[in-house]
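A.B. asks: So I've got this file, input_29.tsv, and it contains TSV, C-alpha atoms:
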chain	number	residue	atom	x	y	z
V	25	MET	CA	46.17	72.63	112.92
V	26	ASP	CA	44.05	75.79	112.97
V	27	ARG	CA	44.21	78.41	110.24
V	28	SER	CA	46.07	81.01	112.37
V	29	ALA	CA	48.84	78.52	113.16
V	30	ALA	CA	49.10	77.63	109.47
V	31	ASP	CA	49.31	81.33	108.59
V	32	ARG	CA	52.05	81.83	111.16
V	33	GLY	CA	53.92	78.84	109.84
V	34	GLY	CA	53.59	80.10	106.29
V	35	ALA	CA	54.74	83.59	107.28
V	36	TRP	CA	57.76	82.16	109.10
V	37	ALA	CA	58.66	79.99	106.10
V	38	GLU	CA	58.31	82.97	103.78
V	39	LEU	CA	60.52	85.07	106.08
V	40	ARG	CA	63.18	82.36	106.15
V	41	ASP	CA	63.01	82.07	102.38
V	42	ALA	CA	63.33	85.85	101.94
V	43	ILE	CA	66.19	86.25	104.44
V	44	SER	CA	68.58	83.38	103.94
V	45	THR	CA	71.59	82.56	106.07
V	46	ARG	CA	73.78	83.99	103.32
V	47	ALA	CA	71.81	87.26	103.40
V	48	VAL	CA	72.24	87.50	107.17
V	49	LEU	CA	75.98	86.94	106.86
V	50	VAL	CA	76.24	89.61	104.16
V	51	MET	CA	74.33	92.06	106.39
V	52	VAL	CA	76.66	91.29	109.29
V	53	GLY	CA	79.63	91.95	107.02
V	54	VAL	CA	78.12	95.27	105.91
V	55	LEU	CA	77.50	96.22	109.54
V	56	LEU	CA	81.12	95.48	110.40
V	57	LEU	CA	82.30	97.64	107.48
V	58	GLN	CA	79.98	100.45	108.60
V	59	LEU	CA	81.30	100.34	112.17
V	60	GLY	CA	84.86	100.06	110.89
V	61	PHE	CA	84.30	103.14	108.73
V	62	ALA	CA	83.08	105.14	111.73
V	63	LEU	CA	85.89	103.90	113.97
V	64	SER	CA	88.64	104.55	111.43
V	65	TYR	CA	87.57	108.02	110.34
V	66	MET	CA	86.67	109.31	113.80
V	67	GLY	CA	89.66	107.60	115.35
V	68	ALA	CA	91.95	109.35	112.90
V	69	PHE	CA	90.28	112.76	112.86
V	70	HIS	CA	88.55	113.33	116.20
V	71	ALA	CA	91.51	114.89	118.02
V	72	PRO	CA	94.38	115.86	115.68
V	73	LYS	CA	97.50	116.60	117.67
V	74	PRO	CA	100.89	117.63	116.24
V	75	HIS	CA	103.59	115.03	116.77
V	76	ARG	CA	107.13	115.65	115.55
V	77	VAL	CA	106.09	118.02	112.76
V	78	PRO	CA	109.38	118.59	110.89
V	79	ILE	CA	110.65	122.17	110.83
V	80	VAL	CA	114.06	123.77	110.28
V	81	VAL	CA	115.59	126.78	112.01
V	82	VAL	CA	117.86	129.47	110.65
V	83	ALA	CA	119.38	131.39	113.57
V	84	PRO	CA	122.61	133.09	114.66
V	85	GLU	CA	125.16	130.57	115.91
V	86	ALA	CA	125.02	131.98	119.44
V	87	MET	CA	121.32	131.11	119.87
V	88	GLU	CA	120.86	128.26	117.40
V	89	LYS	CA	121.56	125.28	119.69
V	90	ASP	CA	119.51	126.66	122.55
V	91	LEU	CA	116.53	127.41	120.29
V	92	VAL	CA	116.59	123.99	118.61
V	93	ALA	CA	116.86	122.25	122.00
V	94	ARG	CA	114.02	124.31	123.45
V	95	LEU	CA	111.69	123.57	120.53
V	96	ASN	CA	112.51	119.86	120.58
V	97	ALA	CA	111.86	119.72	124.32
V	98	LEU	CA	108.29	121.02	124.12
V	99	PRO	CA	105.80	118.79	126.00
V	100	GLY	CA	104.30	116.09	123.79
V	101	ASP	CA	107.01	116.41	121.11
V	102	PRO	CA	104.93	118.52	118.71
V	103	LEU	CA	107.98	119.49	116.63
V	104	LEU	CA	111.02	117.76	115.15
V	105	VAL	CA	113.50	120.59	114.75
V	106	SER	CA	116.84	120.74	112.96
V	107	SER	CA	118.99	123.66	111.87
V	108	VAL	CA	120.18	124.78	108.43
V	109	ALA	CA	122.77	127.33	107.45
V	110	ASP	CA	120.66	129.98	105.75
V	111	ARG	CA	117.31	131.01	104.33
V	112	THR	CA	118.13	129.52	100.91
V	113	GLN	CA	118.60	126.07	102.41
V	114	ALA	CA	115.41	126.49	104.41
V	115	ARG	CA	113.43	127.28	101.25
V	116	SER	CA	115.02	124.32	99.48
V	117	ARG	CA	114.00	121.96	102.29
V	118	LEU	CA	110.43	123.25	102.09
V	119	LEU	CA	110.15	122.87	98.35
V	120	ASP	CA	111.82	119.44	98.43
V	121	ARG	CA	109.16	118.32	100.94
V	122	ARG	CA	111.73	117.51	103.60
V	123	THR	CA	110.17	119.89	106.13
V	124	ASP	CA	106.80	121.52	106.80
V	125	ALA	CA	108.04	124.91	108.04
V	126	ALA	CA	111.18	127.00	108.42
V	127	LEU	CA	111.77	129.50	111.24
V	128	VAL	CA	114.13	132.31	110.24
V	129	VAL	CA	115.30	134.27	113.28
V	130	ASP	CA	116.04	137.97	112.93
V	131	ALA	CA	119.18	138.59	114.95
V	132	ALA	CA	118.88	142.39	114.67
V	133	GLY	CA	115.23	142.71	115.68
V	134	ARG	CA	112.39	140.96	117.46
V	135	THR	CA	110.27	139.87	114.50
V	136	ASP	CA	111.06	136.44	113.08
V	137	THR	CA	109.74	134.84	109.89
V	138	LEU	CA	108.08	131.46	109.54
V	139	LEU	CA	108.16	130.07	106.01
V	140	VAL	CA	105.53	127.49	105.05
V	141	ALA	CA	104.41	125.78	101.83
V	142	SER	CA	100.75	125.09	102.53
V	143	ALA	CA	100.17	123.44	99.14
V	144	GLY	CA	101.84	120.39	100.67
V	145	GLY	CA	99.11	120.23	103.31
V	146	PRO	CA	97.62	123.25	105.07
V	147	SER	CA	96.98	121.33	108.29
V	148	ALA	CA	100.68	120.66	108.88
V	149	ALA	CA	101.58	124.27	108.11
V	150	ASP	CA	98.84	125.51	110.46
V	151	ALA	CA	99.95	123.18	113.25
V	152	ALA	CA	103.59	124.26	112.97
V	153	THR	CA	102.53	127.91	112.89
V	154	LYS	CA	100.45	127.65	116.05
V	155	VAL	CA	103.17	125.88	118.01
V	156	VAL	CA	105.92	128.27	116.93
V	157	GLN	CA	103.74	131.33	117.56
V	158	ALA	CA	103.05	130.14	121.10
V	159	VAL	CA	106.78	129.65	121.76
V	160	GLU	CA	107.67	133.02	120.24
V	161	ARG	CA	105.12	134.81	122.42
V	162	THR	CA	106.69	133.38	125.56
V	163	GLN	CA	110.02	134.85	124.43
V	164	GLY	CA	108.51	138.26	123.74
V	165	ARG	CA	109.05	137.96	120.01
V	166	ASP	CA	106.72	138.49	117.06
V	167	ILE	CA	106.41	136.28	114.02
V	168	VAL	CA	105.42	136.85	110.39
V	169	VAL	CA	104.14	133.86	108.40
V	170	ARG	CA	104.99	133.73	104.69
V	171	ASP	CA	103.50	131.04	102.49
V	172	ILE	CA	106.00	130.45	99.67
V	173	ARG	CA	103.89	127.78	97.89
V	174	PRO	CA	100.14	128.19	98.56
V	175	PRO	CA	97.49	125.98	96.94
V	176	ALA	CA	95.86	127.10	93.69
V	177	ALA	CA	92.88	129.45	93.93
V	178	GLY	CA	90.50	126.57	93.15
V	179	ASP	CA	92.14	124.36	95.80
V	180	SER	CA	91.84	126.70	98.77
V	181	ARG	CA	92.21	124.04	101.49
V	182	GLY	CA	94.58	121.81	99.54
V	183	LEU	CA	92.13	118.88	99.53
V	184	SER	CA	91.64	118.46	95.78
V	185	SER	CA	94.52	115.97	95.50
V	186	PHE	CA	92.96	113.80	98.19
V	187	TYR	CA	89.48	113.83	96.67
V	188	LEU	CA	90.84	113.14	93.20
V	189	VAL	CA	92.71	110.07	94.43
V	190	LEU	CA	89.66	109.03	96.46
V	191	SER	CA	87.54	109.05	93.30
V	192	TRP	CA	90.18	107.07	91.42
V	193	THR	CA	90.56	104.36	94.06
V	194	ILE	CA	86.82	103.90	94.52
V	195	GLY	CA	86.30	103.81	90.76
V	196	GLY	CA	88.97	101.15	90.37
V	197	TYR	CA	87.60	98.65	92.83
V	198	LEU	CA	83.97	99.31	91.83
V	199	ALA	CA	84.90	98.55	88.20
V	200	ALA	CA	86.47	95.28	89.35
V	201	SER	CA	83.31	94.50	91.33
V	202	ALA	CA	81.14	95.25	88.28
V	203	LEU	CA	83.18	92.79	86.20
V	204	ASN	CA	82.72	90.19	88.91
V	205	MET	CA	78.95	90.74	89.18
V	206	ALA	CA	78.54	90.67	85.40
V	207	ALA	CA	79.88	87.11	85.48
V	208	GLY	CA	77.41	86.07	88.18
V	209	SER	CA	79.99	86.33	91.00
V	210	LYS	CA	81.50	83.01	89.96
V	211	ARG	CA	85.11	82.33	90.80
V	212	PRO	CA	86.81	83.21	87.51
V	213	THR	CA	89.03	80.98	85.44
V	214	LEU	CA	92.55	82.05	84.52
V	215	ARG	CA	91.34	83.22	81.11
V	216	ARG	CA	88.64	85.37	82.70
V	217	ILE	CA	91.12	86.84	85.16
V	218	LEU	CA	93.37	87.86	82.29
V	219	VAL	CA	90.41	89.39	80.45
V	220	ARG	CA	89.36	91.35	83.56
V	221	LEU	CA	92.86	92.65	84.19
V	222	ALA	CA	93.15	93.63	80.53
V	223	ALA	CA	89.78	95.40	80.72
V	224	MET	CA	91.03	97.45	83.67
V	225	VAL	CA	93.77	99.06	81.54
V	226	PRO	CA	91.57	101.14	79.21
V	227	TYR	CA	89.17	101.84	82.08
V	228	ALA	CA	92.04	103.15	84.21
V	229	PHE	CA	93.35	105.29	81.35
V	230	VAL	CA	89.95	106.86	80.66
V	231	SER	CA	89.50	107.42	84.42
V	232	GLY	CA	92.86	109.18	84.54
V	233	ILE	CA	91.88	111.46	81.66
V	234	GLY	CA	88.48	112.18	83.19
V	235	GLY	CA	89.92	113.08	86.58
V	236	ALA	CA	92.60	115.29	85.05
V	237	ILE	CA	89.98	117.13	82.99
V	238	ILE	CA	87.76	117.73	86.02
V	239	VAL	CA	90.50	119.15	88.27
V	240	GLY	CA	92.13	121.03	85.41
V	241	PRO	CA	90.13	122.65	82.60
V	242	VAL	CA	86.73	122.23	84.30
V	243	LEU	CA	87.24	123.31	87.92
V	244	HIS	CA	90.82	124.68	87.86
V	245	CYS	CA	91.57	122.92	91.16
V	246	LEU	CA	94.94	121.51	90.13
V	247	PRO	CA	96.12	123.50	87.11
V	248	GLY	CA	98.98	122.20	84.98
V	249	SER	CA	100.56	118.73	84.91
V	250	PHE	CA	97.65	117.38	82.84
V	251	TRP	CA	99.35	114.34	81.32
V	252	GLU	CA	101.27	113.65	84.51
V	253	LEU	CA	97.91	113.47	86.32
V	254	VAL	CA	96.57	111.18	83.60
V	255	GLY	CA	99.49	108.81	84.19
V	256	ILE	CA	99.12	108.92	87.96
V	257	GLY	CA	95.37	108.36	87.69
V	258	THR	CA	95.85	105.40	85.37
V	259	LEU	CA	98.24	103.78	87.85
V	260	VAL	CA	96.03	104.49	90.89
V	261	VAL	CA	92.87	103.17	89.23
V	262	PHE	CA	94.61	100.10	87.84
V	263	ALA	CA	96.21	99.31	91.21
V	264	SER	CA	92.82	99.57	92.93
V	265	GLY	CA	91.13	97.51	90.23
V	266	ALA	CA	93.82	94.82	90.17
V	267	VAL	CA	93.62	94.39	93.93
V	268	GLY	CA	89.82	94.25	93.64
V	269	VAL	CA	90.04	91.57	90.95
V	270	ALA	CA	92.50	89.57	93.07
V	271	LEU	CA	90.55	89.72	96.32
V	272	GLN	CA	87.25	88.84	94.64
V	273	SER	CA	88.97	85.97	92.85
V	274	LEU	CA	90.27	84.74	96.19
V	275	ALA	CA	87.26	85.39	98.40
V	276	GLY	CA	84.26	86.08	96.19
V	277	THR	CA	81.84	88.68	97.58
V	278	VAL	CA	83.88	88.91	100.77
V	279	GLY	CA	86.74	90.17	98.60
V	280	LEU	CA	84.82	93.36	97.85
V	281	GLY	CA	84.50	93.98	101.58
V	282	LEU	CA	88.23	93.44	102.03
V	283	THR	CA	88.95	95.88	99.20
V	284	ILE	CA	86.73	98.53	100.81
V	285	LEU	CA	88.50	97.90	104.11
V	286	ILE	CA	91.96	98.45	102.59
V	287	PHE	CA	91.24	101.38	100.31
V	288	THR	CA	88.42	103.29	101.99
V	289	ILE	CA	88.22	102.41	105.66
V	290	LEU	CA	91.96	102.26	106.35
V	291	GLY	CA	93.48	104.01	103.35
V	292	ASN	CA	91.54	107.27	103.15
V	293	PRO	CA	91.79	108.60	106.73
V	294	SER	CA	95.48	107.67	106.92
V	295	SER	CA	96.37	109.09	103.50
V	296	GLY	CA	97.50	112.52	104.70
V	297	GLY	CA	94.86	114.16	102.54
V	298	VAL	CA	92.93	115.77	105.38
V	299	TYR	CA	95.56	115.64	108.13
V	300	PRO	CA	99.22	114.76	107.51
V	301	ALA	CA	100.92	111.87	109.27
V	302	SER	CA	102.35	114.23	111.90
V	303	LEU	CA	98.80	115.04	113.10
V	304	LEU	CA	97.42	111.48	113.07
V	305	PRO	CA	97.38	108.86	115.85
V	306	PRO	CA	100.20	106.26	115.70
V	307	PHE	CA	98.29	103.48	113.89
V	308	TRP	CA	97.11	105.69	111.02
V	309	ARG	CA	100.48	107.46	110.91
V	310	ALA	CA	102.22	104.10	110.44
V	311	ILE	CA	100.08	102.70	107.62
V	312	GLY	CA	99.18	105.80	105.59
V	313	GLN	CA	101.96	106.02	103.02
V	314	GLY	CA	102.05	102.26	102.53
V	315	LEU	CA	98.49	102.19	101.13
V	316	PRO	CA	97.45	103.42	97.65
V	317	PRO	CA	95.33	106.41	98.80
V	318	GLY	CA	98.25	107.85	100.77
V	319	ALA	CA	100.82	107.16	98.09
V	320	GLY	CA	98.52	108.52	95.39
V	321	THR	CA	97.76	111.73	97.30
V	322	THR	CA	101.46	112.33	97.88
V	323	VAL	CA	102.29	111.83	94.21
V	324	VAL	CA	99.51	114.13	92.98
V	325	ARG	CA	100.34	116.95	95.43
V	326	ASN	CA	104.05	116.81	94.83
V	327	MET	CA	103.66	116.55	91.07
V	328	VAL	CA	101.29	119.52	90.81
V	329	TYR	CA	102.87	121.86	93.36
V	330	PHE	CA	106.49	120.75	93.76
V	331	ASN	CA	107.61	119.64	90.28
V	332	GLY	CA	107.45	115.96	91.11
V	333	THR	CA	109.81	116.15	94.09
V	334	SER	CA	109.79	113.17	96.49
V	335	THR	CA	107.44	111.02	94.42
V	336	THR	CA	109.67	108.02	93.64
V	337	GLY	CA	108.89	106.06	96.79
V	338	ALA	CA	105.14	106.63	96.48
V	339	LEU	CA	105.19	105.58	92.81
V	340	TRP	CA	106.99	102.36	93.76
V	341	ILE	CA	104.28	101.67	96.36
V	342	LEU	CA	101.52	102.14	93.78
V	343	GLY	CA	103.39	99.91	91.36
V	344	ALA	CA	103.83	97.25	94.02
V	345	TRP	CA	100.09	97.19	94.74
V	346	ALA	CA	99.32	96.93	91.03
V	347	PHE	CA	101.85	94.12	90.52
V	348	GLY	CA	100.69	92.35	93.70
V	349	GLY	CA	97.09	92.47	92.51
V	350	ILE	CA	98.02	91.03	89.12
V	351	ALA	CA	100.14	88.27	90.66
V	352	ALA	CA	97.58	87.29	93.30
V	353	ALA	CA	94.70	87.23	90.80
V	354	ILE	CA	96.58	85.10	88.27
V	355	LEU	CA	98.00	82.75	90.91
V	356	SER	CA	94.63	82.16	92.59
V	357	ALA	CA	92.95	81.38	89.26
V	358	ALA	CA	95.81	79.11	88.17
V	359	VAL	CA	95.75	77.13	91.43
V	360	ARG	CA	91.96	76.82	91.28
V	361	GLY	CA	92.14	75.60	87.67
V	362	ARG	CA	94.74	72.99	88.56
V	363	ARG	CA	92.58	71.70	91.42
V	364	ARG	CA	89.63	71.37	89.06
V	365	LYS	CA	91.73	69.30	86.65
V	366	VAL	CA	92.82	67.03	89.50
V	367	VAL	CA	89.29	66.58	90.82
V	368	ALA	CA	87.58	66.04	87.45
V	369	PRO	CA	89.29	62.71	86.52
V	370	GLY	CA	88.60	61.38	90.00
V	371	VAL	CA	84.91	62.25	89.69
V	372	ALA	CA	84.75	60.61	86.25
V	373	GLN	CA	86.43	57.45	87.54
V	374	GLY	CA	83.96	57.25	90.39
V	375	VAL	CA	81.05	57.47	87.96
V	376	ASP	CA	82.49	54.77	85.65
V	377	HIS	CA	83.07	52.52	88.57
Show how you would write the structure in this file as structure tokens.
C.D. replies:
Amino acid sequence: MDRSAADRGGAWAELRDAISTRAVLVMVGVLLLQLGFALSYMGAFHAPKPHRVPIVVVAPEAMEKDLVARLNALPGDPLLVSSVADRTQARSRLLDRRTDAALVVDAAGRTDTLLVASAGGPSAADAATKVVQAVERTQGRDIVVRDIRPPAAGDSRGLSSFYLVLSWTIGGYLAASALNMAAGSKRPTLRRILVRLAAMVPYAFVSGIGGAIIVGPVLHCLPGSFWELVGIGTLVVFASGAVGVALQSLAGTVGLGLTILIFTILGNPSSGGVYPASLLPPFWRAIGQGLPPGAGTTVVRNMVYFNGTSTTGALWILGAWAFGGIAAAILSAAVRGRRRKVVAPGVAQGVDH
């Protein structure tokens, strides 16, 4: 064999040694995550369209039914309209997070009032405002928009809650990944699983304090509710970390990819942080509040701006993810340990024989 052929053979062998089958599979997995990221974010955000945005109407009895029917019959169902007795009830619905806007009709004049609480999500308030303004113009009426609960000065677009929860969820599963890599990516024993889950508790608590300090005293994005934010952050980070520990216990390196898929690729665009559920396509609308980023964003916003109203369900969801992560991690390690005990005597017997 000539020297050039030998060089080519050596180069090919070196290439195969440098890029193993495992490396190729990991790269394919990364590519799929990258494409999934693009598809999920652009699929959710590329064409936001209002769909059944909840609003309430306060109007004279003579025109109430006709107005509600007309708004509910708009093409594409942009609004979900119901009526309430008076302005006080309308304000209560807004502050209880049971509606995104309230139209108060002036029976004596031609200028109506639209009440919004944009701290709960400016995009929903903006969408409701645009739709109602268009309808009012066709009726020859004017409208005044009053924001009864705007975001804090340092949270001008109301996105700080979303980004805070985003940092917490990413931090949680990256901490779980770091614990896994520190052990050489081996499938952990039950004892190691318990140690990792225990290690996530102080990490989650410190993360909660750090996030609350950044959005409070440092940047003044989300003033007040400091210790409430610490508690929420601890739960969000621990839930993310526990799920990360569980999935990496079950699937090794692939588990990290699954965690990124759940929390970042699917969870973030559907969370309601950028656009609320009423502006998202059906798939993202359906899954958003069932995933930790959506539940966490809801809890933070409602705790900071609405005195903790309508947070119970979201807290239960976060707790369920945390408990599910703990249970799955412990169960997978216990089953794996039992299999090892069953296999070991058989191996020993085979050697003695």
A.B. asks: Would you please work out which residue, of V:Cys245, V:Leu190, V:Leu95, V:Val323, is nearest to Pro175 of chain V when using all atoms listed in the file?
C.D. replies: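 Closest to Pro175 of chain V, using all atoms listed in the file: V:Cys245.
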A.B. asks: Rank V:Gly320, V:Pro146, V:Gly276, V:Gly67 by their smallest atom-to-atom distance to Tyr187 of chain V, using all atoms listed in the file, and report the top residue only.
C.D. replies: V:Gly320
A.B. asks: Would you list the contacts of segment 112-121 of chain V as a ChimeraX atom specification, taking every protein, DNA or RNA residue within 10 Å and counting all atoms listed in the file, but skipping same-chain residues closer than 2 positions in sequence?
C.D. replies: /V:78-82,107-110,123-128,139-142,144,172-173,326,329-335
A.B. asks: To one decimal place in Å, what is the distance between atom CA of Leu355 of chain V and atom CA of Leu203 of chain V?
C.D. replies: 18.5 Å
A.B. asks: Would you place a box with edges along x, y and z of the file around all atoms of segment 45-58 of chain V listed there, add 6 Å to each of its six sides, and report the centre and edge lengths in Å to one decimal, as JSON?
C.D. replies:
{"center_x": 76.9, "center_y": 91.5, "center_z": 106.9, "size_x": 22.7, "size_y": 29.9, "size_z": 19.1}
A.B. asks: Using only C-alpha atoms and a cutoff of 7 Å, can you tell me which residues are near (90.2, 85.0, 93.7) in the file's coordinates, and write them out as a list in words?
C.D. replies: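 These residues have at least one counted atom within 7 Å: Arg211, Ala270, Leu271, Gln272, Ser273, Leu274, Ala275, Gly276, Ala353, Ser356 and Ala357 of chain V.
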A.B. asks: Find the distance between atom CA of Ala152 of chain V and atom CA of Pro316 of chain V and write it in Å to one decimal.
C.D. replies: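 Pair atom CA of Ala152 of chain V / atom CA of Pro316 of chain V returns 26.6 Å.
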A.B. asks: Pick out the closest residue to Thr162 of chain V from this set: V:Ile341, V:Arg94, V:Thr258, V:Ala62. Count only C-alpha atoms.
C.D. replies: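 Once distances to Thr162 of chain V are computed over only C-alpha atoms, the minimum belongs to V:Arg94.
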A.B. asks: Closest to Asp130 of chain V among V:Leu253, V:Val52, V:Ile167, V:Leu342, using all atoms listed in the file?
C.D. replies: V:Ile167
A.B. asks: Record the distance separating atom CA of Arg325 of chain V and atom CA of Lys154 of chain V, expressed in Å with one decimal.
C.D. replies: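 A separation of 23.2 Å between them.
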A.B. asks: Do a neighbour search on segment 295-310 of chain V at 7 Å with all atoms listed in the file, toss out local chain neighbours closer than 4 positions, and write the hits as a ChimeraX atom specification.
C.D. replies: /V:68,72-77,145,147-148,183,186,291,317-318,321
A.B. asks: In the coordinate frame of the file, compute which residues have an atom within 10 Å of (92.2, 90.5, 83.5) when using only C-alpha atoms, and state them as JSON, numbers by chain.
C.D. replies: {"V": [200, 203, 212, 214, 215, 216, 217, 218, 219, 220, 221, 222, 223, 224, 225, 265, 266, 269, 270, 350, 353, 354]}
